[in-house]
Amino acid sequence: MHYISDVLYWISTGLLVPVIILLIYFFCRALLLAGAFFGQYLDRQKVLKKLSPTIDKLSAENIKALSEQLPKKHHSLFVSHLQELLSSSDSTAKMEKVLADFEVAAENNLSISKLLTKMGPMLGLMGTLIPMGPALVGLSSGDIASMAYNMQVAFATTVVGLFSSAVGFVTLQVKQRWFVEEFNDLDFISQLIRENMQ
C-alpha cells in the first residue's frame with residue numbers, strides 16, 4: 001500500500017509542470033480572446049449601426065436593397081453569411097445550407113471560450129492541490145521556506161485558472177447572445193426571400 005501511494009504521489013507531482021505550462025498557455029489565449037472580443041464588438045457595432053434600420057423595415061419587395069448597403073470590408077460572420085444568403089436567393093436548399101453554415105461557424109467561434117470556461121477551473125484546482133502535498137511535507141519537517149514556495153504556486157495557479165475561466169465565461173455568454181440575434185435576422189431575411197420567390 002505504501003508503494004502504491006508513493007507511485008500516486010510521483011504521478012501527481014510529475015503533473016505539476018504540464019499543468020503550469022497549460023495554465024500559462026490558457027492565460028495567453030484568454031488575453032488574445034479578450035482583444036479579439038473587443039475587436040468583434042467594434043465591428044458588430046458598425047454593422048448594426050449601418051444595417052439595423054434597413055433590416056427593421058425590410059419586406060419581400062425591397063429585399064434587394066439590402067445587398068447594396070452591405071459593407072465591403074468586414075470581419076463579421078453575419079455579413080459574410082448575409083452576402084451568401086442574398087446570392088443564394090434562387091434556391092431554398094442553398095439558403096438552408098447558409099443558415100446551417102452560420103450555426104457551425106458560430107459554434108467554432110465559441111469553442112475557445114467554452115474551452116477556457118471548462119479547463120480554467122480544472123487546471124487551477126489541479127495546480128492548487130498538487131503543491132499542497134509537498135507543502136504539508138515541508139510543514140511536517142519544519143521546512144517553512146519549502147512550504148511557503150509551494151503555497152505560493154498553489155495560490156498563483158488558482159488565480160490564473162479562474163482568470164482564464166472568467167474571460168471565457170463572459171465572452172461565451174455575450175457572443176452566444178450575439179449569434180442568436182444574428183441567426184434570427186438571417187432566418188427572417190431568408191423567409192422574406194422565400195416570399196419573394198413565390
# chains A, B, ... in the order shown; residues from 1 in each chain; ligands from 1
>>> residues_around(residues="Ser113 of chain A", least_positions_apart="6", cutoff="12 Å", atoms="only C-alpha atoms", output="MDAnalysis selection string")
chainID A and resid 26 29:34 36:37 106:107 119:120 164:176
>>> residues_around(residues="His81 of chain A", least_positions_apart="2", cutoff="12 Å", atoms="only C-alpha atoms", output="PyMOL selection string")
chain A and resi 67+70+74-79+83-88+94-106+179+182-183+185-187+189-190
>>> write_last_selection(atoms="N, CA, C and O atoms", output="short mmCIF file (atom, residue, chain, number, x, y, z; two decimals), in the first residue's frame")
data_model
loop_
_atom_site.label_atom_id
_atom_site.label_comp_id
_atom_site.auth_asym_id
_atom_site.auth_seq_id
_atom_site.Cartn_x
_atom_site.Cartn_y
_atom_site.Cartn_z
N SER A 67 -28.62 44.27 -50.19
CA SER A 67 -27.29 43.89 -50.69
C SER A 67 -26.44 45.11 -51.03
O SER A 67 -25.21 45.07 -50.94
N LEU A 70 -24.51 46.50 -47.77
CA LEU A 70 -23.55 45.68 -47.04
C LEU A 70 -22.15 46.28 -47.13
O LEU A 70 -21.72 46.70 -48.20
N HIS A 74 -15.08 43.83 -44.08
CA HIS A 74 -15.66 43.43 -42.80
C HIS A 74 -14.98 42.14 -42.32
O HIS A 74 -14.32 41.45 -43.08
N HIS A 75 -15.15 41.86 -41.05
CA HIS A 75 -14.67 40.60 -40.46
C HIS A 75 -15.82 39.92 -39.73
O HIS A 75 -15.60 39.16 -38.79
N SER A 76 -17.02 40.18 -40.16
CA SER A 76 -18.21 39.72 -39.45
C SER A 76 -18.76 38.44 -40.08
O SER A 76 -18.94 38.36 -41.30
N LEU A 77 -19.03 37.44 -39.23
CA LEU A 77 -19.69 36.22 -39.69
C LEU A 77 -21.06 36.55 -40.25
O LEU A 77 -21.49 35.97 -41.26
N PHE A 78 -21.75 37.46 -39.60
CA PHE A 78 -23.11 37.81 -40.01
C PHE A 78 -23.12 38.39 -41.42
O PHE A 78 -23.91 37.96 -42.27
N VAL A 79 -22.22 39.34 -41.70
CA VAL A 79 -22.21 39.99 -43.01
C VAL A 79 -21.82 39.01 -44.11
O VAL A 79 -22.43 38.97 -45.17
N GLN A 83 -24.29 37.95 -47.14
CA GLN A 83 -23.95 38.06 -48.57
C GLN A 83 -24.22 36.74 -49.29
O GLN A 83 -24.77 36.71 -50.38
N GLU A 84 -23.82 35.63 -48.65
CA GLU A 84 -24.08 34.31 -49.24
C GLU A 84 -25.57 34.04 -49.36
O GLU A 84 -26.03 33.47 -50.36
N LEU A 85 -26.31 34.45 -48.34
CA LEU A 85 -27.76 34.23 -48.35
C LEU A 85 -28.42 34.99 -49.50
O LEU A 85 -29.27 34.44 -50.21
N LEU A 86 -28.03 36.23 -49.69
CA LEU A 86 -28.61 37.05 -50.75
C LEU A 86 -28.21 36.54 -52.14
O LEU A 86 -29.00 36.62 -53.09
N SER A 87 -26.99 35.99 -52.25
CA SER A 87 -26.57 35.44 -53.54
C SER A 87 -27.15 34.06 -53.81
O SER A 87 -27.10 33.57 -54.94
N SER A 88 -27.72 33.42 -52.77
CA SER A 88 -28.35 32.10 -52.94
C SER A 88 -29.86 32.19 -52.99
O SER A 88 -30.56 31.22 -52.70
N LYS A 94 -30.02 26.03 -50.89
CA LYS A 94 -28.79 26.80 -50.66
C LYS A 94 -28.95 27.72 -49.45
O LYS A 94 -28.02 27.88 -48.66
N MET A 95 -30.12 28.34 -49.32
CA MET A 95 -30.35 29.23 -48.18
C MET A 95 -30.31 28.45 -46.87
O MET A 95 -29.77 28.92 -45.86
N GLU A 96 -30.90 27.24 -46.87
CA GLU A 96 -30.85 26.41 -45.67
C GLU A 96 -29.41 26.05 -45.32
O GLU A 96 -29.04 26.02 -44.14
N LYS A 97 -28.59 25.79 -46.34
CA LYS A 97 -27.19 25.46 -46.09
C LYS A 97 -26.43 26.66 -45.52
O LYS A 97 -25.58 26.50 -44.63
N VAL A 98 -26.73 27.85 -46.01
CA VAL A 98 -26.08 29.06 -45.49
C VAL A 98 -26.41 29.23 -44.00
O VAL A 98 -25.53 29.55 -43.19
N LEU A 99 -27.68 29.01 -43.64
CA LEU A 99 -28.07 29.13 -42.23
C LEU A 99 -27.37 28.08 -41.38
O LEU A 99 -26.91 28.37 -40.26
N ALA A 100 -27.28 26.85 -41.90
CA ALA A 100 -26.59 25.79 -41.16
C ALA A 100 -25.10 26.09 -41.03
O ALA A 100 -24.49 25.86 -39.98
N ASP A 101 -24.51 26.64 -42.11
CA ASP A 101 -23.09 27.01 -42.07
C ASP A 101 -22.84 28.11 -41.04
O ASP A 101 -21.79 28.12 -40.38
N PHE A 102 -23.79 29.03 -40.92
CA PHE A 102 -23.64 30.09 -39.91
C PHE A 102 -23.61 29.49 -38.51
O PHE A 102 -22.81 29.90 -37.66
N GLU A 103 -24.50 28.53 -38.26
CA GLU A 103 -24.52 27.90 -36.94
C GLU A 103 -23.21 27.18 -36.64
O GLU A 103 -22.70 27.25 -35.52
N VAL A 104 -22.66 26.49 -37.65
CA VAL A 104 -21.38 25.79 -37.47
C VAL A 104 -20.26 26.79 -37.21
O VAL A 104 -19.42 26.59 -36.32
N ALA A 105 -20.22 27.87 -38.00
CA ALA A 105 -19.18 28.88 -37.83
C ALA A 105 -19.28 29.56 -36.46
O ALA A 105 -18.26 29.84 -35.82
N ALA A 106 -20.51 29.82 -36.02
CA ALA A 106 -20.71 30.43 -34.70
C ALA A 106 -20.24 29.49 -33.60
O ALA A 106 -19.60 29.92 -32.63
N PHE A 179 -24.86 35.80 -31.49
CA PHE A 179 -25.09 34.86 -32.58
C PHE A 179 -26.56 34.46 -32.70
O PHE A 179 -27.06 34.23 -33.79
N GLU A 182 -28.18 37.37 -34.49
CA GLU A 182 -27.80 37.39 -35.90
C GLU A 182 -28.45 36.25 -36.67
O GLU A 182 -28.88 36.43 -37.82
N PHE A 183 -28.56 35.08 -36.04
CA PHE A 183 -29.23 33.97 -36.71
C PHE A 183 -30.70 34.29 -36.94
O PHE A 183 -31.26 33.96 -37.99
N ASP A 185 -31.96 37.24 -37.46
CA ASP A 185 -32.02 38.17 -38.59
C ASP A 185 -31.84 37.43 -39.92
O ASP A 185 -32.55 37.70 -40.89
N LEU A 186 -30.87 36.50 -39.96
CA LEU A 186 -30.65 35.73 -41.18
C LEU A 186 -31.87 34.89 -41.54
O LEU A 186 -32.26 34.80 -42.71
N ASP A 187 -32.48 34.29 -40.52
CA ASP A 187 -33.67 33.47 -40.76
C ASP A 187 -34.83 34.34 -41.26
O ASP A 187 -35.57 33.94 -42.17
N ILE A 189 -34.58 37.16 -42.92
CA ILE A 189 -34.29 37.56 -44.31
C ILE A 189 -34.53 36.40 -45.26
O ILE A 189 -35.07 36.58 -46.37
N SER A 190 -34.17 35.18 -44.85
CA SER A 190 -34.41 34.02 -45.72
C SER A 190 -35.91 33.79 -45.92
O SER A 190 -36.34 33.41 -47.02
#
>>> residues_around(residues="segment 150-153 of chain A", least_positions_apart="4", cutoff="12 Å", atoms="only C-alpha atoms", output="PyMOL selection string")
chain A and resi 13+16-17+19-20+23+124-139+143-146+157-160
>>> write_last_selection(atoms="N, CA and C atoms", output="short mmCIF file (atom, residue, chain, number, x, y, z; two decimals), in the first residue's frame")
data_model
loop_
_atom_site.label_atom_id
_atom_site.label_comp_id
_atom_site.auth_asym_id
_atom_site.auth_seq_id
_atom_site.Cartn_x
_atom_site.Cartn_y
_atom_site.Cartn_z
N THR A 13 2.89 14.80 -8.58
CA THR A 13 3.92 15.85 -8.61
C THR A 13 4.50 16.02 -10.01
N LEU A 16 2.63 18.55 -12.22
CA LEU A 16 2.63 19.97 -11.89
C LEU A 16 3.17 20.83 -13.03
N VAL A 17 4.30 20.43 -13.62
CA VAL A 17 4.90 21.23 -14.70
C VAL A 17 3.97 21.32 -15.92
N VAL A 19 0.74 21.09 -15.95
CA VAL A 19 -0.40 21.91 -15.55
C VAL A 19 -0.05 23.39 -15.59
N ILE A 20 1.13 23.74 -15.08
CA ILE A 20 1.55 25.14 -15.08
C ILE A 20 1.74 25.65 -16.51
N LEU A 23 -1.64 26.23 -17.98
CA LEU A 23 -2.25 27.43 -17.41
C LEU A 23 -1.67 28.70 -18.03
N GLY A 124 -6.70 25.01 -12.66
CA GLY A 124 -6.44 25.79 -11.45
C GLY A 124 -6.53 24.94 -10.19
N LEU A 125 -7.53 24.05 -10.15
CA LEU A 125 -7.68 23.17 -8.99
C LEU A 125 -6.53 22.17 -8.91
N MET A 126 -6.15 21.61 -10.07
CA MET A 126 -5.00 20.69 -10.07
C MET A 126 -3.74 21.41 -9.62
N GLY A 127 -3.54 22.64 -10.11
CA GLY A 127 -2.37 23.41 -9.71
C GLY A 127 -2.40 23.82 -8.25
N THR A 128 -3.58 23.81 -7.65
CA THR A 128 -3.70 24.11 -6.22
C THR A 128 -3.39 22.89 -5.37
N LEU A 129 -3.95 21.75 -5.78
CA LEU A 129 -3.84 20.55 -4.95
C LEU A 129 -2.47 19.89 -5.04
N ILE A 130 -1.85 19.91 -6.23
CA ILE A 130 -0.57 19.20 -6.39
C ILE A 130 0.51 19.76 -5.45
N PRO A 131 0.70 21.09 -5.35
CA PRO A 131 1.75 21.58 -4.44
C PRO A 131 1.40 21.45 -2.95
N MET A 132 0.13 21.14 -2.64
CA MET A 132 -0.25 21.03 -1.23
C MET A 132 0.46 19.86 -0.55
N GLY A 133 0.70 18.76 -1.31
CA GLY A 133 1.42 17.61 -0.74
C GLY A 133 2.81 17.99 -0.29
N PRO A 134 3.67 18.53 -1.19
CA PRO A 134 5.00 18.97 -0.75
C PRO A 134 4.95 20.05 0.33
N ALA A 135 3.91 20.92 0.29
CA ALA A 135 3.80 21.96 1.32
C ALA A 135 3.57 21.33 2.69
N LEU A 136 2.71 20.30 2.75
CA LEU A 136 2.46 19.62 4.03
C LEU A 136 3.70 18.86 4.51
N VAL A 137 4.45 18.28 3.55
CA VAL A 137 5.70 17.61 3.90
C VAL A 137 6.68 18.61 4.49
N GLY A 138 6.77 19.80 3.85
CA GLY A 138 7.66 20.84 4.36
C GLY A 138 7.24 21.32 5.73
N LEU A 139 5.93 21.40 5.95
CA LEU A 139 5.43 21.82 7.26
C LEU A 139 5.78 20.81 8.34
N ASP A 143 10.42 22.72 7.31
CA ASP A 143 10.98 23.50 6.20
C ASP A 143 9.95 24.54 5.75
N ILE A 144 9.94 25.66 6.44
CA ILE A 144 8.94 26.70 6.19
C ILE A 144 9.12 27.33 4.80
N ALA A 145 10.36 27.46 4.34
CA ALA A 145 10.62 28.06 3.03
C ALA A 145 10.00 27.22 1.92
N SER A 146 10.15 25.89 2.01
CA SER A 146 9.57 25.00 1.01
C SER A 146 8.05 25.07 1.05
N THR A 157 -1.62 29.41 -9.30
CA THR A 157 -2.31 28.61 -10.31
C THR A 157 -3.83 28.76 -10.19
N THR A 158 -4.32 28.89 -8.97
CA THR A 158 -5.76 29.10 -8.78
C THR A 158 -6.21 30.40 -9.43
N VAL A 159 -5.46 31.46 -9.18
CA VAL A 159 -5.83 32.77 -9.71
C VAL A 159 -5.80 32.78 -11.24
N VAL A 160 -4.74 32.21 -11.82
CA VAL A 160 -4.61 32.18 -13.28
C VAL A 160 -5.72 31.35 -13.90
#
>>> residues_around(residues="Val47 of chain A", least_positions_apart="2", cutoff="12 Å", atoms="only C-alpha atoms", output="ChimeraX atom specification")
/A:40-45,49-55,69-80,82,182
>>> atom_distance(atom1="atom CA of Phe188 of chain A", atom2="atom CA of Lys64 of chain A")
14.2 Å
>>> atom_distance(atom1="atom CA of Leu115 of chain A", atom2="atom CA of Phe163 of chain A")
13.1 Å
>>> select_by_dssp(residues="segment 5-86 of chain A", states="helix (DSSP H, G or I)", output="ChimeraX atom specification")
/A:5-14,16-56,64-69,77-86
>>> write_last_selection(atoms="C-alpha atoms", output="PDB file, in the first residue's frame")
ATOM      1  CA  SER A   5       0.696   5.745  -2.520  1.00  0.00           C
ATOM      2  CA  ASP A   6       4.281   6.672  -3.448  1.00  0.00           C
ATOM      3  CA  VAL A   7       3.523   5.973  -7.125  1.00  0.00           C
ATOM      4  CA  LEU A   8       0.420   8.182  -6.947  1.00  0.00           C
ATOM      5  CA  TYR A   9       2.465  10.927  -5.284  1.00  0.00           C
ATOM      6  CA  TRP A  10       5.135  10.781  -8.003  1.00  0.00           C
ATOM      7  CA  ILE A  11       2.482  10.878 -10.725  1.00  0.00           C
ATOM      8  CA  SER A  12       0.709  13.880  -9.190  1.00  0.00           C
ATOM      9  CA  THR A  13       3.916  15.852  -8.607  1.00  0.00           C
ATOM     10  CA  GLY A  14       5.038  15.000 -12.148  1.00  0.00           C
ATOM     11  CA  LEU A  16       2.627  19.974 -11.893  1.00  0.00           C
ATOM     12  CA  VAL A  17       4.896  21.235 -14.701  1.00  0.00           C
ATOM     13  CA  PRO A  18       2.434  20.310 -17.527  1.00  0.00           C
ATOM     14  CA  VAL A  19      -0.401  21.910 -15.549  1.00  0.00           C
ATOM     15  CA  ILE A  20       1.554  25.141 -15.083  1.00  0.00           C
ATOM     16  CA  ILE A  21       2.526  25.210 -18.783  1.00  0.00           C
ATOM     17  CA  LEU A  22      -1.120  24.701 -19.795  1.00  0.00           C
ATOM     18  CA  LEU A  23      -2.251  27.428 -17.408  1.00  0.00           C
ATOM     19  CA  ILE A  24       0.247  29.874 -18.917  1.00  0.00           C
ATOM     20  CA  TYR A  25      -0.977  28.888 -22.390  1.00  0.00           C
ATOM     21  CA  PHE A  26      -4.636  29.372 -21.420  1.00  0.00           C
ATOM     22  CA  PHE A  27      -3.791  32.691 -19.765  1.00  0.00           C
ATOM     23  CA  CYS A  28      -2.242  33.909 -23.047  1.00  0.00           C
ATOM     24  CA  ARG A  29      -5.234  32.600 -25.006  1.00  0.00           C
ATOM     25  CA  ALA A  30      -7.563  34.431 -22.610  1.00  0.00           C
ATOM     26  CA  LEU A  31      -5.721  37.715 -23.246  1.00  0.00           C
ATOM     27  CA  LEU A  32      -5.885  37.155 -27.022  1.00  0.00           C
ATOM     28  CA  LEU A  33      -9.565  36.235 -26.748  1.00  0.00           C
ATOM     29  CA  ALA A  34     -10.307  39.428 -24.802  1.00  0.00           C
ATOM     30  CA  GLY A  35      -8.618  41.509 -27.508  1.00  0.00           C
ATOM     31  CA  ALA A  36     -10.401  39.674 -30.334  1.00  0.00           C
ATOM     32  CA  PHE A  37     -13.689  40.033 -28.463  1.00  0.00           C
ATOM     33  CA  PHE A  38     -13.232  43.804 -28.251  1.00  0.00           C
ATOM     34  CA  GLY A  39     -12.472  43.966 -31.987  1.00  0.00           C
ATOM     35  CA  GLN A  40     -15.536  41.842 -32.732  1.00  0.00           C
ATOM     36  CA  TYR A  41     -17.640  44.161 -30.569  1.00  0.00           C
ATOM     37  CA  LEU A  42     -16.470  47.232 -32.518  1.00  0.00           C
ATOM     38  CA  ASP A  43     -17.134  45.510 -35.877  1.00  0.00           C
ATOM     39  CA  ARG A  44     -20.563  44.446 -34.716  1.00  0.00           C
ATOM     40  CA  GLN A  45     -21.470  47.957 -33.602  1.00  0.00           C
ATOM     41  CA  LYS A  46     -20.533  49.338 -37.041  1.00  0.00           C
ATOM     42  CA  VAL A  47     -22.591  46.675 -38.816  1.00  0.00           C
ATOM     43  CA  LEU A  48     -25.605  47.196 -36.539  1.00  0.00           C
ATOM     44  CA  LYS A  49     -25.481  50.954 -36.986  1.00  0.00           C
ATOM     45  CA  LYS A  50     -25.499  50.544 -40.754  1.00  0.00           C
ATOM     46  CA  LEU A  51     -27.876  47.598 -41.244  1.00  0.00           C
ATOM     47  CA  SER A  52     -30.326  47.555 -38.319  1.00  0.00           C
ATOM     48  CA  PRO A  53     -32.610  50.346 -39.623  1.00  0.00           C
ATOM     49  CA  THR A  54     -32.752  48.643 -43.032  1.00  0.00           C
ATOM     50  CA  ILE A  55     -33.433  45.164 -41.618  1.00  0.00           C
ATOM     51  CA  ASP A  56     -36.239  46.508 -39.402  1.00  0.00           C
ATOM     52  CA  LYS A  64     -32.700  43.531 -52.969  1.00  0.00           C
ATOM     53  CA  ALA A  65     -31.878  46.948 -51.486  1.00  0.00           C
ATOM     54  CA  LEU A  66     -30.160  45.247 -48.575  1.00  0.00           C
ATOM     55  CA  SER A  67     -27.290  43.893 -50.689  1.00  0.00           C
ATOM     56  CA  GLU A  68     -26.333  47.423 -51.741  1.00  0.00           C
ATOM     57  CA  GLN A  69     -25.851  48.515 -48.126  1.00  0.00           C
ATOM     58  CA  LEU A  77     -19.691  36.220 -39.694  1.00  0.00           C
ATOM     59  CA  PHE A  78     -23.111  37.811 -40.011  1.00  0.00           C
ATOM     60  CA  VAL A  79     -22.213  39.995 -43.010  1.00  0.00           C
ATOM     61  CA  SER A  80     -20.377  37.227 -44.873  1.00  0.00           C
ATOM     62  CA  HIS A  81     -23.276  34.791 -44.412  1.00  0.00           C
ATOM     63  CA  LEU A  82     -25.792  37.501 -45.273  1.00  0.00           C
ATOM     64  CA  GLN A  83     -23.950  38.056 -48.567  1.00  0.00           C
ATOM     65  CA  GLU A  84     -24.076  34.308 -49.240  1.00  0.00           C
ATOM     66  CA  LEU A  85     -27.758  34.230 -48.353  1.00  0.00           C
ATOM     67  CA  LEU A  86     -28.614  37.046 -50.753  1.00  0.00           C
TER      68      LEU A  86
END
>>> decode(residues="segment 111-122 of chain A", atoms="all heavy atoms", output="mmCIF file, in the first residue's frame")
data_model
loop_
_atom_site.group_PDB
_atom_site.id
_atom_site.type_symbol
_atom_site.label_atom_id
_atom_site.label_comp_id
_atom_site.auth_asym_id
_atom_site.auth_seq_id
_atom_site.Cartn_x
_atom_site.Cartn_y
_atom_site.Cartn_z
ATOM 1 N N SER A 111 -15.768 28.051 -29.510
ATOM 2 C CA SER A 111 -15.069 26.889 -28.956
ATOM 3 C C SER A 111 -13.988 27.268 -27.952
ATOM 4 O O SER A 111 -13.856 26.631 -26.904
ATOM 5 C CB SER A 111 -14.471 26.042 -30.085
ATOM 6 O OG SER A 111 -13.522 26.789 -30.819
ATOM 7 N N ILE A 112 -13.199 28.312 -28.236
ATOM 8 C CA ILE A 112 -12.130 28.683 -27.307
ATOM 9 C C ILE A 112 -12.709 29.221 -25.999
ATOM 10 O O ILE A 112 -12.173 28.966 -24.912
ATOM 11 C CB ILE A 112 -11.161 29.705 -27.949
ATOM 12 C CG1 ILE A 112 -9.974 29.971 -27.027
ATOM 13 C CG2 ILE A 112 -11.853 30.985 -28.314
ATOM 14 C CD1 ILE A 112 -9.125 28.775 -26.715
ATOM 15 N N SER A 113 -13.839 29.945 -26.078
ATOM 16 C CA SER A 113 -14.486 30.435 -24.854
ATOM 17 C C SER A 113 -14.981 29.266 -24.004
ATOM 18 O O SER A 113 -14.822 29.270 -22.775
ATOM 19 C CB SER A 113 -15.661 31.357 -25.205
ATOM 20 O OG SER A 113 -15.217 32.506 -25.881
ATOM 21 N N LYS A 114 -15.569 28.266 -24.650
ATOM 22 C CA LYS A 114 -16.042 27.090 -23.913
ATOM 23 C C LYS A 114 -14.880 26.335 -23.290
ATOM 24 O O LYS A 114 -14.975 25.853 -22.148
ATOM 25 C CB LYS A 114 -16.829 26.172 -24.854
ATOM 26 C CG LYS A 114 -18.162 26.729 -25.293
ATOM 27 C CD LYS A 114 -18.902 25.760 -26.196
ATOM 28 C CE LYS A 114 -20.261 26.303 -26.580
ATOM 29 N NZ LYS A 114 -21.009 25.387 -27.468
ATOM 30 N N LEU A 115 -13.780 26.219 -24.051
ATOM 31 C CA LEU A 115 -12.608 25.509 -23.541
ATOM 32 C C LEU A 115 -12.039 26.203 -22.304
ATOM 33 O O LEU A 115 -11.737 25.548 -21.290
ATOM 34 C CB LEU A 115 -11.543 25.422 -24.635
ATOM 35 C CG LEU A 115 -10.258 24.667 -24.279
ATOM 36 C CD1 LEU A 115 -10.548 23.195 -24.033
ATOM 37 C CD2 LEU A 115 -9.226 24.827 -25.384
ATOM 38 N N LEU A 116 -11.909 27.521 -22.365
ATOM 39 C CA LEU A 116 -11.385 28.262 -21.212
ATOM 40 C C LEU A 116 -12.322 28.163 -20.015
ATOM 41 O O LEU A 116 -11.867 28.028 -18.874
ATOM 42 C CB LEU A 116 -11.178 29.733 -21.591
ATOM 43 C CG LEU A 116 -10.042 30.050 -22.554
ATOM 44 C CD1 LEU A 116 -10.048 31.524 -22.914
ATOM 45 C CD2 LEU A 116 -8.707 29.662 -21.970
ATOM 46 N N THR A 117 -13.622 28.224 -20.273
ATOM 47 C CA THR A 117 -14.598 28.159 -19.184
ATOM 48 C C THR A 117 -14.505 26.837 -18.428
ATOM 49 O O THR A 117 -14.614 26.804 -17.197
ATOM 50 C CB THR A 117 -16.024 28.342 -19.739
ATOM 51 O OG1 THR A 117 -16.105 29.594 -20.408
ATOM 52 C CG2 THR A 117 -17.056 28.306 -18.632
ATOM 53 N N LYS A 118 -14.289 25.742 -19.163
ATOM 54 C CA LYS A 118 -14.256 24.426 -18.521
ATOM 55 C C LYS A 118 -12.877 24.057 -17.989
ATOM 56 O O LYS A 118 -12.741 23.509 -16.897
ATOM 57 C CB LYS A 118 -14.722 23.364 -19.517
ATOM 58 C CG LYS A 118 -16.184 23.497 -19.883
ATOM 59 C CD LYS A 118 -16.607 22.488 -20.927
ATOM 60 C CE LYS A 118 -18.072 22.674 -21.311
ATOM 61 N NZ LYS A 118 -18.496 21.737 -22.369
ATOM 62 N N MET A 119 -11.836 24.352 -18.774
ATOM 63 C CA MET A 119 -10.497 23.893 -18.403
ATOM 64 C C MET A 119 -9.815 24.796 -17.378
ATOM 65 O O MET A 119 -8.970 24.326 -16.618
ATOM 66 C CB MET A 119 -9.622 23.789 -19.654
ATOM 67 C CG MET A 119 -10.034 22.689 -20.608
ATOM 68 S SD MET A 119 -10.004 21.050 -19.860
ATOM 69 C CE MET A 119 -8.255 20.854 -19.537
ATOM 70 N N GLY A 120 -10.153 26.084 -17.354
ATOM 71 C CA GLY A 120 -9.525 27.003 -16.404
ATOM 72 C C GLY A 120 -9.656 26.551 -14.959
ATOM 73 O O GLY A 120 -8.650 26.389 -14.258
ATOM 74 N N PRO A 121 -10.893 26.304 -14.477
ATOM 75 C CA PRO A 121 -11.039 25.851 -13.089
ATOM 76 C C PRO A 121 -10.417 24.478 -12.835
ATOM 77 O O PRO A 121 -9.886 24.230 -11.746
ATOM 78 C CB PRO A 121 -12.561 25.801 -12.891
ATOM 79 C CG PRO A 121 -13.120 26.683 -13.936
ATOM 80 C CD PRO A 121 -12.189 26.584 -15.101
ATOM 81 N N MET A 122 -10.503 23.572 -13.828
ATOM 82 C CA MET A 122 -9.909 22.239 -13.641
ATOM 83 C C MET A 122 -8.405 22.326 -13.421
ATOM 84 O O MET A 122 -7.854 21.754 -12.467
ATOM 85 C CB MET A 122 -10.186 21.360 -14.868
ATOM 86 C CG MET A 122 -11.612 20.934 -15.043
ATOM 87 S SD MET A 122 -11.735 19.856 -16.492
ATOM 88 C CE MET A 122 -13.489 19.830 -16.740
#
